[in-house]
file my_file13.cif (mmCIF, C-alpha atoms)
data_start
loop_
_atom_site.group_PDB
_atom_site.id
_atom_site.type_symbol
_atom_site.label_atom_id
_atom_site.label_comp_id
_atom_site.auth_asym_id
_atom_site.auth_seq_id
_atom_site.Cartn_x
_atom_site.Cartn_y
_atom_site.Cartn_z
ATOM 1 C CA MET X 4 -15.418 -16.949 43.705
ATOM 2 C CA SER X 5 -18.512 -19.163 43.652
ATOM 3 C CA THR X 6 -20.974 -18.880 46.513
ATOM 4 C CA PRO X 7 -21.107 -22.679 47.129
ATOM 5 C CA LEU X 8 -17.410 -22.665 48.004
ATOM 6 C CA LEU X 9 -17.873 -19.891 50.551
ATOM 7 C CA ARG X 10 -20.858 -21.696 52.039
ATOM 8 C CA LEU X 11 -18.544 -24.515 53.043
ATOM 9 C CA TYR X 12 -17.144 -22.257 55.745
ATOM 10 C CA PRO X 13 -18.877 -21.901 59.112
ATOM 11 C CA ALA X 14 -21.272 -18.937 59.103
ATOM 12 C CA GLY X 15 -19.286 -16.861 61.581
ATOM 13 C CA TYR X 16 -16.003 -17.405 59.770
ATOM 14 C CA ARG X 17 -17.670 -16.639 56.439
ATOM 15 C CA ARG X 18 -19.056 -13.331 57.698
ATOM 16 C CA ALA X 19 -15.692 -12.315 59.157
ATOM 17 C CA PHE X 20 -13.356 -13.386 56.359
ATOM 18 C CA GLY X 21 -15.544 -14.181 53.329
ATOM 19 C CA ALA X 22 -14.645 -10.991 51.476
ATOM 20 C CA ASP X 23 -10.920 -11.502 52.085
ATOM 21 C CA ILE X 24 -11.102 -15.111 50.887
ATOM 22 C CA SER X 25 -12.954 -14.088 47.723
ATOM 23 C CA GLU X 26 -10.429 -11.349 46.989
ATOM 24 C CA ALA X 27 -7.465 -13.670 47.551
ATOM 25 C CA TYR X 28 -9.037 -16.275 45.286
ATOM 26 C CA ARG X 29 -9.695 -13.688 42.585
ATOM 27 C CA GLU X 30 -6.092 -12.444 42.667
ATOM 28 C CA ALA X 31 -4.696 -15.987 42.592
ATOM 29 C CA THR X 32 -6.812 -17.139 39.650
ATOM 30 C CA GLU X 33 -6.923 -13.987 37.552
ATOM 31 C CA GLY X 34 -5.593 -14.938 34.134
ATOM 32 C CA ALA X 35 -4.709 -18.441 35.367
ATOM 33 C CA GLY X 36 -5.463 -21.687 33.569
ATOM 34 C CA ARG X 37 -7.990 -24.313 34.456
ATOM 35 C CA THR X 38 -5.470 -26.367 36.446
ATOM 36 C CA ALA X 39 -4.464 -23.410 38.610
ATOM 37 C CA ARG X 40 -8.112 -22.515 39.262
ATOM 38 C CA PHE X 41 -8.879 -26.098 40.225
ATOM 39 C CA ARG X 42 -5.901 -26.158 42.596
ATOM 40 C CA GLU X 43 -6.975 -22.929 44.271
ATOM 41 C CA ALA X 44 -10.561 -24.173 44.589
ATOM 42 C CA SER X 45 -9.288 -27.414 46.119
ATOM 43 C CA ASP X 46 -7.265 -25.450 48.657
ATOM 44 C CA ILE X 47 -10.361 -23.407 49.530
ATOM 45 C CA VAL X 48 -12.431 -26.572 50.010
ATOM 46 C CA ALA X 49 -9.733 -28.155 52.185
ATOM 47 C CA HIS X 50 -9.415 -25.010 54.308
ATOM 48 C CA ALA X 51 -13.178 -24.722 54.685
ATOM 49 C CA LEU X 52 -13.456 -28.326 55.801
ATOM 50 C CA ARG X 53 -10.691 -27.818 58.351
ATOM 51 C CA MET X 54 -12.525 -24.792 59.716
ATOM 52 C CA ARG X 55 -15.795 -26.733 59.733
ATOM 53 C CA LEU X 56 -14.161 -29.643 61.584
ATOM 54 C CA ARG X 57 -12.240 -27.292 63.905
ATOM 55 C CA LEU X 58 -8.876 -28.539 62.620
ATOM 56 C CA GLY X 59 -7.272 -25.130 62.216
ATOM 57 C CA SER X 60 -3.892 -24.290 63.684
ATOM 58 C CA ALA X 61 -5.588 -22.307 66.450
ATOM 59 C CA GLN X 62 -7.676 -25.291 67.598
ATOM 60 C CA PRO X 63 -6.334 -28.080 69.845
ATOM 61 C CA ALA X 64 -7.476 -30.743 67.353
ATOM 62 C CA GLY X 65 -5.440 -29.129 64.584
ATOM 63 C CA ARG X 66 -2.302 -29.103 66.708
ATOM 64 C CA LEU X 67 -3.000 -32.708 67.732
ATOM 65 C CA PHE X 68 -3.201 -33.930 64.137
ATOM 66 C CA ALA X 69 -0.152 -31.852 63.189
ATOM 67 C CA ALA X 70 1.951 -33.577 65.851
ATOM 68 C CA ALA X 71 0.763 -37.040 64.786
ATOM 69 C CA ALA X 72 1.103 -36.455 61.016
ATOM 70 C CA PRO X 73 4.753 -37.550 60.565
ATOM 71 C CA PHE X 74 4.132 -40.728 62.547
ATOM 72 C CA ALA X 75 1.086 -41.573 60.455
ATOM 73 C CA LEU X 76 3.289 -41.118 57.386
ATOM 74 C CA ALA X 77 5.953 -43.347 58.925
ATOM 75 C CA ALA X 78 3.368 -46.044 59.673
ATOM 76 C CA THR X 79 1.969 -45.739 56.144
ATOM 77 C CA ALA X 80 5.449 -46.070 54.640
ATOM 78 C CA ALA X 81 6.235 -49.083 56.841
ATOM 79 C CA TYR X 82 2.998 -50.850 55.908
ATOM 80 C CA ALA X 83 3.531 -50.210 52.194
ATOM 81 C CA ALA X 84 7.095 -51.561 52.451
ATOM 82 C CA PHE X 85 5.723 -54.547 54.367
ATOM 83 C CA GLY X 86 3.291 -55.230 51.528
ATOM 84 C CA LEU X 87 6.036 -55.012 48.924
ATOM 85 C CA VAL X 88 8.490 -57.213 50.812
ATOM 86 C CA SER X 89 5.772 -59.748 51.631
ATOM 87 C CA MET X 90 4.505 -59.983 48.061
ATOM 88 C CA LEU X 91 7.915 -60.120 46.399
ATOM 89 C CA GLY X 92 9.470 -62.249 49.133
ATOM 90 C CA ASP X 93 6.715 -64.861 48.978
ATOM 91 C CA TRP X 94 7.056 -64.900 45.195
ATOM 92 C CA ARG X 95 10.804 -65.486 45.463
ATOM 93 C CA LEU X 96 10.443 -68.183 48.113
ATOM 94 C CA SER X 97 7.679 -69.990 46.198
ATOM 95 C CA GLY X 98 9.908 -70.656 43.203
ATOM 96 C CA ASN X 99 6.789 -70.407 41.037
ATOM 97 C CA PRO X 100 6.997 -67.834 38.215
ATOM 98 C CA ASP X 101 3.190 -67.779 38.068
ATOM 99 C CA PHE X 102 2.816 -67.044 41.779
ATOM 100 C CA LEU X 103 1.740 -63.457 41.148
ATOM 101 C CA VAL X 104 -1.777 -62.907 39.790
ATOM 102 C CA PRO X 105 -3.019 -59.690 38.081
ATOM 103 C CA LEU X 106 -4.279 -58.313 41.402
ATOM 104 C CA SER X 107 -0.778 -58.820 42.811
ATOM 105 C CA PHE X 108 0.662 -56.364 40.297
ATOM 106 C CA VAL X 109 -2.046 -53.837 41.194
ATOM 107 C CA MET X 110 -1.128 -54.215 44.861
ATOM 108 C CA ILE X 111 2.576 -53.818 44.104
ATOM 109 C CA GLY X 112 1.914 -50.658 42.080
ATOM 110 C CA CYS X 113 -0.249 -49.146 44.812
ATOM 111 C CA ASP X 114 2.320 -49.985 47.477
ATOM 112 C CA LEU X 115 5.035 -48.331 45.394
ATOM 113 C CA VAL X 116 2.956 -45.151 45.030
ATOM 114 C CA THR X 117 2.105 -45.136 48.744
ATOM 115 C CA LEU X 118 5.694 -45.747 49.835
ATOM 116 C CA ALA X 119 7.108 -43.118 47.473
ATOM 117 C CA GLY X 120 4.534 -40.556 48.625
ATOM 118 C CA ALA X 121 5.151 -41.157 52.322
ATOM 119 C CA VAL X 122 8.925 -40.996 51.872
ATOM 120 C CA LEU X 123 8.652 -37.766 49.878
ATOM 121 C CA ALA X 124 6.399 -36.263 52.558
ATOM 122 C CA LEU X 125 8.894 -37.156 55.281
ATOM 123 C CA GLY X 126 11.685 -35.870 53.049
ATOM 124 C CA GLY X 127 10.289 -32.346 52.852
ATOM 125 C CA ARG X 128 7.551 -32.406 50.171
ATOM 126 C CA PHE X 129 4.785 -32.838 52.725
ATOM 127 C CA ALA X 130 1.662 -31.783 50.812
ATOM 128 C CA ALA X 131 2.387 -33.580 47.536
ATOM 129 C CA GLY X 132 3.800 -36.642 49.270
ATOM 130 C CA ALA X 133 0.909 -37.002 51.710
ATOM 131 C CA ARG X 134 -1.635 -36.766 48.894
ATOM 132 C CA CYS X 135 0.288 -39.336 46.871
ATOM 133 C CA ALA X 136 0.460 -41.721 49.833
ATOM 134 C CA PHE X 137 -3.262 -41.339 50.483
ATOM 135 C CA ALA X 138 -4.090 -41.911 46.802
ATOM 136 C CA GLY X 139 -2.021 -45.104 46.762
ATOM 137 C CA ALA X 140 -3.588 -46.448 49.956
ATOM 138 C CA LEU X 141 -7.106 -45.588 48.793
ATOM 139 C CA ALA X 142 -6.539 -47.205 45.375
ATOM 140 C CA GLN X 143 -5.198 -50.378 46.954
ATOM 141 C CA GLU X 144 -8.026 -50.860 49.425
ATOM 142 C CA SER X 145 -10.560 -49.967 46.732
ATOM 143 C CA ALA X 146 -9.109 -52.707 44.521
ATOM 144 C CA LEU X 147 -9.358 -55.192 47.369
ATOM 145 C CA LEU X 148 -13.015 -54.224 47.748
ATOM 146 C CA VAL X 149 -13.965 -54.068 44.082
ATOM 147 C CA VAL X 150 -12.395 -57.355 42.937
ATOM 148 C CA PRO X 151 -14.564 -59.626 45.127
ATOM 149 C CA LEU X 152 -17.629 -57.487 44.428
ATOM 150 C CA THR X 153 -17.177 -57.977 40.679
ATOM 151 C CA ALA X 154 -17.151 -61.723 41.345
ATOM 152 C CA GLY X 155 -20.407 -61.425 43.294
ATOM 153 C CA VAL X 156 -18.735 -62.005 46.660
ATOM 154 C CA LEU X 157 -19.346 -59.603 49.542
ATOM 155 C CA PRO X 158 -16.248 -59.086 51.735
ATOM 156 C CA PRO X 159 -16.793 -60.424 55.262
ATOM 157 C CA ALA X 160 -17.308 -58.052 58.148
ATOM 158 C CA ALA X 161 -13.965 -59.169 59.609
ATOM 159 C CA ALA X 162 -12.220 -57.615 56.590
ATOM 160 C CA VAL X 163 -13.557 -54.105 57.273
ATOM 161 C CA PRO X 164 -10.772 -53.056 59.696
ATOM 162 C CA TYR X 165 -8.126 -54.247 57.233
ATOM 163 C CA LEU X 166 -9.721 -52.150 54.474
ATOM 164 C CA LEU X 167 -10.400 -48.998 56.476
ATOM 165 C CA ALA X 168 -7.354 -48.737 58.752
ATOM 166 C CA PRO X 169 -4.693 -48.117 56.046
ATOM 167 C CA VAL X 170 -6.871 -45.462 54.409
ATOM 168 C CA ALA X 171 -7.636 -43.770 57.734
ATOM 169 C CA VAL X 172 -3.954 -43.701 58.722
ATOM 170 C CA ALA X 173 -2.928 -42.345 55.314
ATOM 171 C CA ALA X 174 -5.659 -39.686 55.550
ATOM 172 C CA LEU X 175 -4.521 -38.434 58.964
ATOM 173 C CA PRO X 176 -1.676 -36.235 57.605
ATOM 174 C CA LEU X 177 -4.167 -34.510 55.283
ATOM 175 C CA ALA X 178 -5.876 -33.089 58.386
ATOM 176 C CA CYS X 179 -2.679 -31.281 59.386
ATOM 177 C CA PRO X 180 -3.071 -27.472 59.094
ATOM 178 C CA PRO X 181 -0.729 -26.082 56.405
ATOM 179 C CA ASP X 182 1.023 -23.692 58.788
ATOM 180 C CA LEU X 183 1.775 -26.551 61.215
ATOM 181 C CA ARG X 184 3.111 -29.046 58.699
ATOM 182 C CA PRO X 185 6.257 -30.857 59.855
ATOM 183 C CA PRO X 186 9.370 -29.112 58.533
ATOM 184 C CA GLY X 187 10.856 -32.427 57.408
ATOM 185 C CA ARG X 188 14.339 -32.542 55.990
ATOM 186 C CA SER X 189 15.617 -29.785 53.714
ATOM 187 C CA LEU X 190 16.420 -31.927 50.709
ATOM 188 C CA GLY X 191 16.979 -30.755 47.167
ATOM 189 C CA ALA X 192 15.535 -32.446 44.118
ATOM 190 C CA ALA X 193 18.619 -34.627 43.633
ATOM 191 C CA ALA X 194 18.576 -35.674 47.282
ATOM 192 C CA ARG X 195 14.898 -36.607 47.077
ATOM 193 C CA VAL X 196 15.556 -38.746 44.004
ATOM 194 C CA ALA X 197 18.439 -40.389 45.858
ATOM 195 C CA LEU X 198 16.142 -41.004 48.831
ATOM 196 C CA LEU X 199 13.581 -42.724 46.600
ATOM 197 C CA LEU X 200 16.311 -44.840 44.986
ATOM 198 C CA TRP X 201 17.637 -45.759 48.429
ATOM 199 C CA THR X 202 14.131 -46.758 49.484
ATOM 200 C CA GLY X 203 13.793 -49.025 46.463
ATOM 201 C CA LEU X 204 17.187 -50.599 47.122
ATOM 202 C CA ALA X 205 16.316 -51.118 50.791
ATOM 203 C CA VAL X 206 13.050 -52.881 49.880
ATOM 204 C CA SER X 207 14.948 -55.043 47.398
ATOM 205 C CA ALA X 208 17.532 -55.941 50.034
ATOM 206 C CA LEU X 209 14.819 -56.854 52.526
ATOM 207 C CA THR X 210 13.126 -59.019 49.908
ATOM 208 C CA LEU X 211 16.314 -60.883 49.034
ATOM 209 C CA ALA X 212 17.208 -61.407 52.707
ATOM 210 C CA ASP X 213 13.689 -62.504 53.695
ATOM 211 C CA THR X 214 13.484 -66.068 55.020
ATOM 212 C CA GLY X 215 9.726 -66.441 55.349
ATOM 213 C CA SER X 216 9.947 -67.390 59.042
ATOM 214 C CA HIS X 217 7.561 -66.019 61.650
ATOM 215 C CA LEU X 218 10.323 -63.823 63.084
ATOM 216 C CA ALA X 219 10.985 -62.377 59.635
ATOM 217 C CA TYR X 220 7.274 -61.906 59.098
ATOM 218 C CA ALA X 221 6.733 -59.971 62.324
ATOM 219 C CA LEU X 222 10.008 -58.093 62.692
ATOM 220 C CA TRP X 223 11.944 -58.132 59.440
ATOM 221 C CA ARG X 224 9.138 -57.263 57.022
ATOM 222 C CA LEU X 225 7.478 -54.655 59.259
ATOM 223 C CA GLY X 226 9.904 -53.723 62.015
ATOM 224 C CA VAL X 227 12.856 -52.725 59.843
ATOM 225 C CA PRO X 228 10.804 -50.430 57.539
ATOM 226 C CA MET X 229 9.120 -48.944 60.606
ATOM 227 C CA ALA X 230 12.469 -48.142 62.226
ATOM 228 C CA ALA X 231 13.769 -46.629 58.981
ATOM 229 C CA ALA X 232 10.652 -44.464 58.600
ATOM 230 C CA LEU X 233 10.956 -43.214 62.186
ATOM 231 C CA ILE X 234 14.592 -42.305 61.582
ATOM 232 C CA LEU X 235 13.507 -40.384 58.480
ATOM 233 C CA ALA X 236 10.844 -38.545 60.530
ATOM 234 C CA GLY X 237 13.661 -37.435 62.833
ATOM 235 C CA ARG X 238 13.922 -35.871 66.261
ATOM 236 C CA PRO X 239 11.855 -32.770 65.407
ATOM 237 C CA ALA X 240 8.795 -34.991 65.051
ATOM 238 C CA LEU X 241 9.423 -36.582 68.442
ATOM 239 C CA ALA X 242 9.902 -33.168 70.037
ATOM 240 C CA ARG X 243 6.325 -32.200 69.122
ATOM 241 C CA LEU X 244 4.831 -35.008 71.230
ATOM 242 C CA ARG X 245 4.391 -32.861 74.316
ATOM 243 C CA THR X 246 1.086 -34.260 75.629
ATOM 244 C CA PRO X 247 -0.307 -37.767 76.265
ATOM 245 C CA GLY X 248 -2.964 -37.181 73.610
ATOM 246 C CA ARG X 249 -0.381 -36.389 70.946
ATOM 247 C CA PHE X 250 1.734 -39.383 71.943
ATOM 248 C CA ALA X 251 -1.283 -41.713 71.862
ATOM 249 C CA LEU X 252 -2.457 -40.469 68.461
ATOM 250 C CA ALA X 253 1.092 -40.760 67.108
ATOM 251 C CA GLY X 254 1.383 -44.355 68.356
ATOM 252 C CA ALA X 255 -2.068 -45.532 67.262
ATOM 253 C CA PRO X 256 -1.165 -45.733 63.517
ATOM 254 C CA PHE X 257 1.660 -48.158 64.281
ATOM 255 C CA VAL X 258 -0.682 -50.377 66.288
ATOM 256 C CA ALA X 259 -3.248 -50.216 63.485
ATOM 257 C CA MET X 260 -0.714 -51.107 60.803
ATOM 258 C CA GLY X 261 0.677 -53.859 63.027
ATOM 259 C CA TYR X 262 -2.837 -55.264 63.282
ATOM 260 C CA CYS X 263 -3.294 -55.145 59.508
ATOM 261 C CA ALA X 264 0.095 -56.818 59.015
ATOM 262 C CA GLY X 265 -0.705 -59.583 61.493
ATOM 263 C CA ALA X 266 1.951 -58.577 64.021
ATOM 264 C CA VAL X 267 -0.827 -57.545 66.432
ATOM 265 C CA ASP X 268 -3.983 -59.643 66.794
ATOM 266 C CA ARG X 269 -7.357 -59.217 68.467
ATOM 267 C CA ASP X 270 -6.010 -60.401 71.802
ATOM 268 C CA THR X 271 -3.118 -57.951 71.853
ATOM 269 C CA VAL X 272 -4.467 -54.856 70.074
ATOM 270 C CA VAL X 273 -6.184 -53.431 73.181
ATOM 271 C CA PRO X 274 -3.148 -54.019 75.452
ATOM 272 C CA ALA X 275 -0.946 -52.469 72.764
ATOM 273 C CA LEU X 276 -3.107 -49.348 72.639
ATOM 274 C CA ALA X 277 -3.114 -49.244 76.453
ATOM 275 C CA VAL X 278 0.688 -49.413 76.477
ATOM 276 C CA VAL X 279 0.861 -46.517 74.002
ATOM 277 C CA ALA X 280 -1.497 -44.432 76.163
ATOM 278 C CA ALA X 281 0.410 -45.291 79.351
ATOM 279 C CA ALA X 282 3.702 -44.399 77.666
ATOM 280 C CA GLY X 283 2.230 -41.020 76.723
ATOM 281 C CA VAL X 284 1.223 -40.337 80.318
ATOM 282 C CA ALA X 285 4.636 -41.476 81.572
ATOM 283 C CA LEU X 286 6.361 -39.196 79.061
ATOM 284 C CA ARG X 287 4.245 -36.264 80.227
ATOM 285 C CA LEU X 288 5.015 -36.945 83.901
ATOM 286 C CA TRP X 289 8.724 -37.325 83.110
ATOM 287 C CA ARG X 290 8.789 -33.990 81.308
ATOM 288 C CA LEU X 291 6.885 -32.273 84.102
ATOM 289 C CA ARG X 292 9.312 -33.715 86.630
ATOM 290 C CA GLY X 293 12.270 -32.650 84.476
ATOM 291 C CA GLY X 294 10.879 -29.121 84.190
ATOM 292 C CA THR X 295 10.369 -28.945 87.948
ATOM 293 C CA SER X 296 13.901 -30.182 88.624
ATOM 294 C CA THR X 297 15.330 -27.652 86.187
ATOM 295 C CA GLY X 298 13.392 -24.873 87.833
ATOM 296 C CA ARG X 299 14.623 -25.859 91.280
ATOM 297 C CA GLY X 300 18.195 -26.114 90.034
ATOM 298 C CA GLY X 301 17.949 -22.669 88.450
ATOM 299 C CA ARG X 302 16.616 -21.128 91.681
ATOM 300 C CA ALA X 303 19.315 -22.851 93.696
ATOM 301 C CA GLY X 304 22.013 -21.568 91.359
ATOM 302 C CA THR X 305 20.586 -18.081 91.562
ATOM 303 C CA GLY X 306 20.513 -18.162 95.298
#

call {"tool": "encode", "arguments": {"input": "my_file13.cif", "output": "structure tokens"}}
result
Amino acid sequence: MSTPLLRLYPAGYRRAFGADISEAYREATEGAGRTARFREASDIVAHALRMRLRLGSAQPAGRLFAAAAPFALAATAAYAAFGLVSMLGDWRLSGNPDFLVPLSFVMIGCDLVTLAGAVLALGGRFAAGARCAFAGALAQESALLVVPLTAGVLPPAAAVPYLLAPVAVAALPLACPPDLRPPGRSLGAAARVALLLWTGLAVSALTLADTGSHLAYALWRLGVPMAAALILAGRPALARLRTPGRFALAGAPFVAMGYCAGAVDRDTVVPALAVVAAAGVALRLWRLRGGTSTGRGGRAGTG
């Protein structure tokens, strides 16, 4: 194993486990091809960065990101579906066959990759799906940045949140420690294909039923995909939101994607975040009260 890879680890961790990491890497790559060696090296780099950033499963930050990961995926899926429905719905409502420009097809392709990745991650293929979703989001925002730059136009400062937020939300699941990844749904290959086909049919149905009104823009295009993604995340994801911090971090991606979609504006984004934080505190107090009541009931029954 190359020394530069080991140097990515914190010094103390490297001294304690460097030999074990090198031996495990040697065993995993012995006689393997270039692709396998690259994959193992990538895993080492990712693990080292998590240790460097204190995002391991033993650290509070790692557990925090693990709890928020499925909700970031749900928000990413909802925003990608929103982009698809908006683009295709506006094209249908315009009645103009030339409504879509070359950049539109790039956006549609990136949204498809992002949506498929997020759905696969929520459907049980967390690592591959999360990477696919992040790649799609990064490619889309990069295209939105590069196209005006090639024309000699610098994007305005007001566009920065719209470019960074989808990438940041899609990157959040990548910070989840591998041993704390959401279990997701135990779906076979055929079921995952069916899930992707269902997702495509659902987006098509939303596009055909879209009316272009403000209510459809705010609720239909974003709200319905968001509800579907949360259902796919399931109750196990909700059960992991045991602290106000986890609840707030899980809710923040939805506020961010709502802001990017136009459902939340500058006047309402701060109150929306405050509501998410207050809901997290209320949930914590409710659970503490429930635990206390259960304990009293148990003692009373014993007595």

call {"tool": "atom_distance", "arguments": {"input": "my_file13.cif", "atom1": "atom CA of X:Glu26", "atom2": "atom CA of X:Gly59"}}
result
20.8 Å

call {"tool": "resolve_selection", "arguments": {"input": "my_file13.cif", "expression": "the PyMOL selection byres ((chain X and resi 79-81) around 10)", "output": "PyMOL selection string"}}
result
chain X and resi 73-78+82-87+114-122+125+133+136-137+140+169-174+224-233+256-257+260-261

call {"tool": "closest_atom_pairs", "arguments": {"input": "my_file13.cif", "of": "stretch 181-272 of chain X", "to": "stretch 66-69 of chain X", "cutoff": "9 Å", "atoms": "all atoms listed in the file", "output": "CSV"}}
result
residue,atom,partner,partner_atom,distance
X:Pro181,CA,X:Ala69,CA,8.9
X:Leu183,CA,X:Ala69,CA,6.0
X:Arg184,CA,X:Ala69,CA,6.2
X:Pro185,CA,X:Ala69,CA,7.3
X:Arg243,CA,X:Ala69,CA,8.8
X:Leu244,CA,X:Leu67,CA,8.9
X:Gly248,CA,X:Leu67,CA,7.4
X:Arg249,CA,X:Leu67,CA,5.5
X:Leu252,CA,X:Leu67,CA,7.8
X:Ala253,CA,X:Phe68,CA,8.6

call {"tool": "residues_around", "arguments": {"input": "my_file13.cif", "residues": "X:Leu106", "least_positions_apart": "6", "cutoff": "9 Å", "atoms": "all atoms listed in the file", "output": "PyMOL selection string"}}
result
chain X and resi 146-147+150

call {"tool": "residues_near_point", "arguments": {"input": "my_file13.cif", "point": "(-6.8, -26.0, 59.7)", "cutoff": "6 Å", "atoms": "only C-alpha atoms", "output": "tab-separated table (two decimals) with C-alpha atoms, keeping the file's coordinate frame"}}
result
chain	number	residue	atom	x	y	z
X	53	ARG	CA	-10.69	-27.82	58.35
X	54	MET	CA	-12.52	-24.79	59.72
X	58	LEU	CA	-8.88	-28.54	62.62
X	59	GLY	CA	-7.27	-25.13	62.22
X	60	SER	CA	-3.89	-24.29	63.68
X	65	GLY	CA	-5.44	-29.13	64.58
X	180	PRO	CA	-3.07	-27.47	59.09

call {"tool": "atom_distance", "arguments": {"input": "my_file13.cif", "atom1": "atom CA of X:Ala282", "atom2": "atom CA of X:Leu56"}}
result
28.2 Å

call {"tool": "residues_near_point", "arguments": {"input": "my_file13.cif", "point": "(4.7, -60.6, 46.3)", "cutoff": "9 Å", "atoms": "only C-alpha atoms", "output": "number ranges by chain"}}
result
X: 86-95, 102-103, 107-108, 110-111

call {"tool": "atom_distance", "arguments": {"input": "my_file13.cif", "atom1": "atom CA of X:Leu200", "atom2": "atom CA of X:Gly237"}}
result
19.5 Å

call {"tool": "residues_around", "arguments": {"input": "my_file13.cif", "residues": "X:Ala285", "least_positions_apart": "4", "cutoff": "12 Å", "atoms": "only C-alpha atoms", "output": "list in words"}}
result
Arg245, Thr246, Pro247, Gly248, Phe250, Ala251, Val278, Val279, Ala280, Ala281, Trp289, Arg290, Leu291 and Arg292 of chain X

call {"tool": "resolve_selection", "arguments": {"input": "my_file13.cif", "expression": "the PyMOL selection byres ((chain X and resi 39-44) around 12)", "output": "JSON, numbers by chain"}}
result
{"X": [4, 5, 6, 7, 8, 9, 11, 24, 25, 27, 28, 29, 30, 31, 32, 33, 34, 35, 36, 37, 38, 45, 46, 47, 48, 49, 50, 51]}

call {"tool": "closest_residue", "arguments": {"input": "my_file13.cif", "among": "X:Arg287, X:Phe20, X:Ala168, X:Ala255", "to": "X:Pro274", "atoms": "all atoms listed in the file"}}
result
X:Ala255

call {"tool": "closest_residue", "arguments": {"input": "my_file13.cif", "among": "X:Cys179, X:Leu148, X:Cys135, X:Ala197", "to": "X:Ala160", "atoms": "all atoms listed in the file"}}
result
X:Leu148
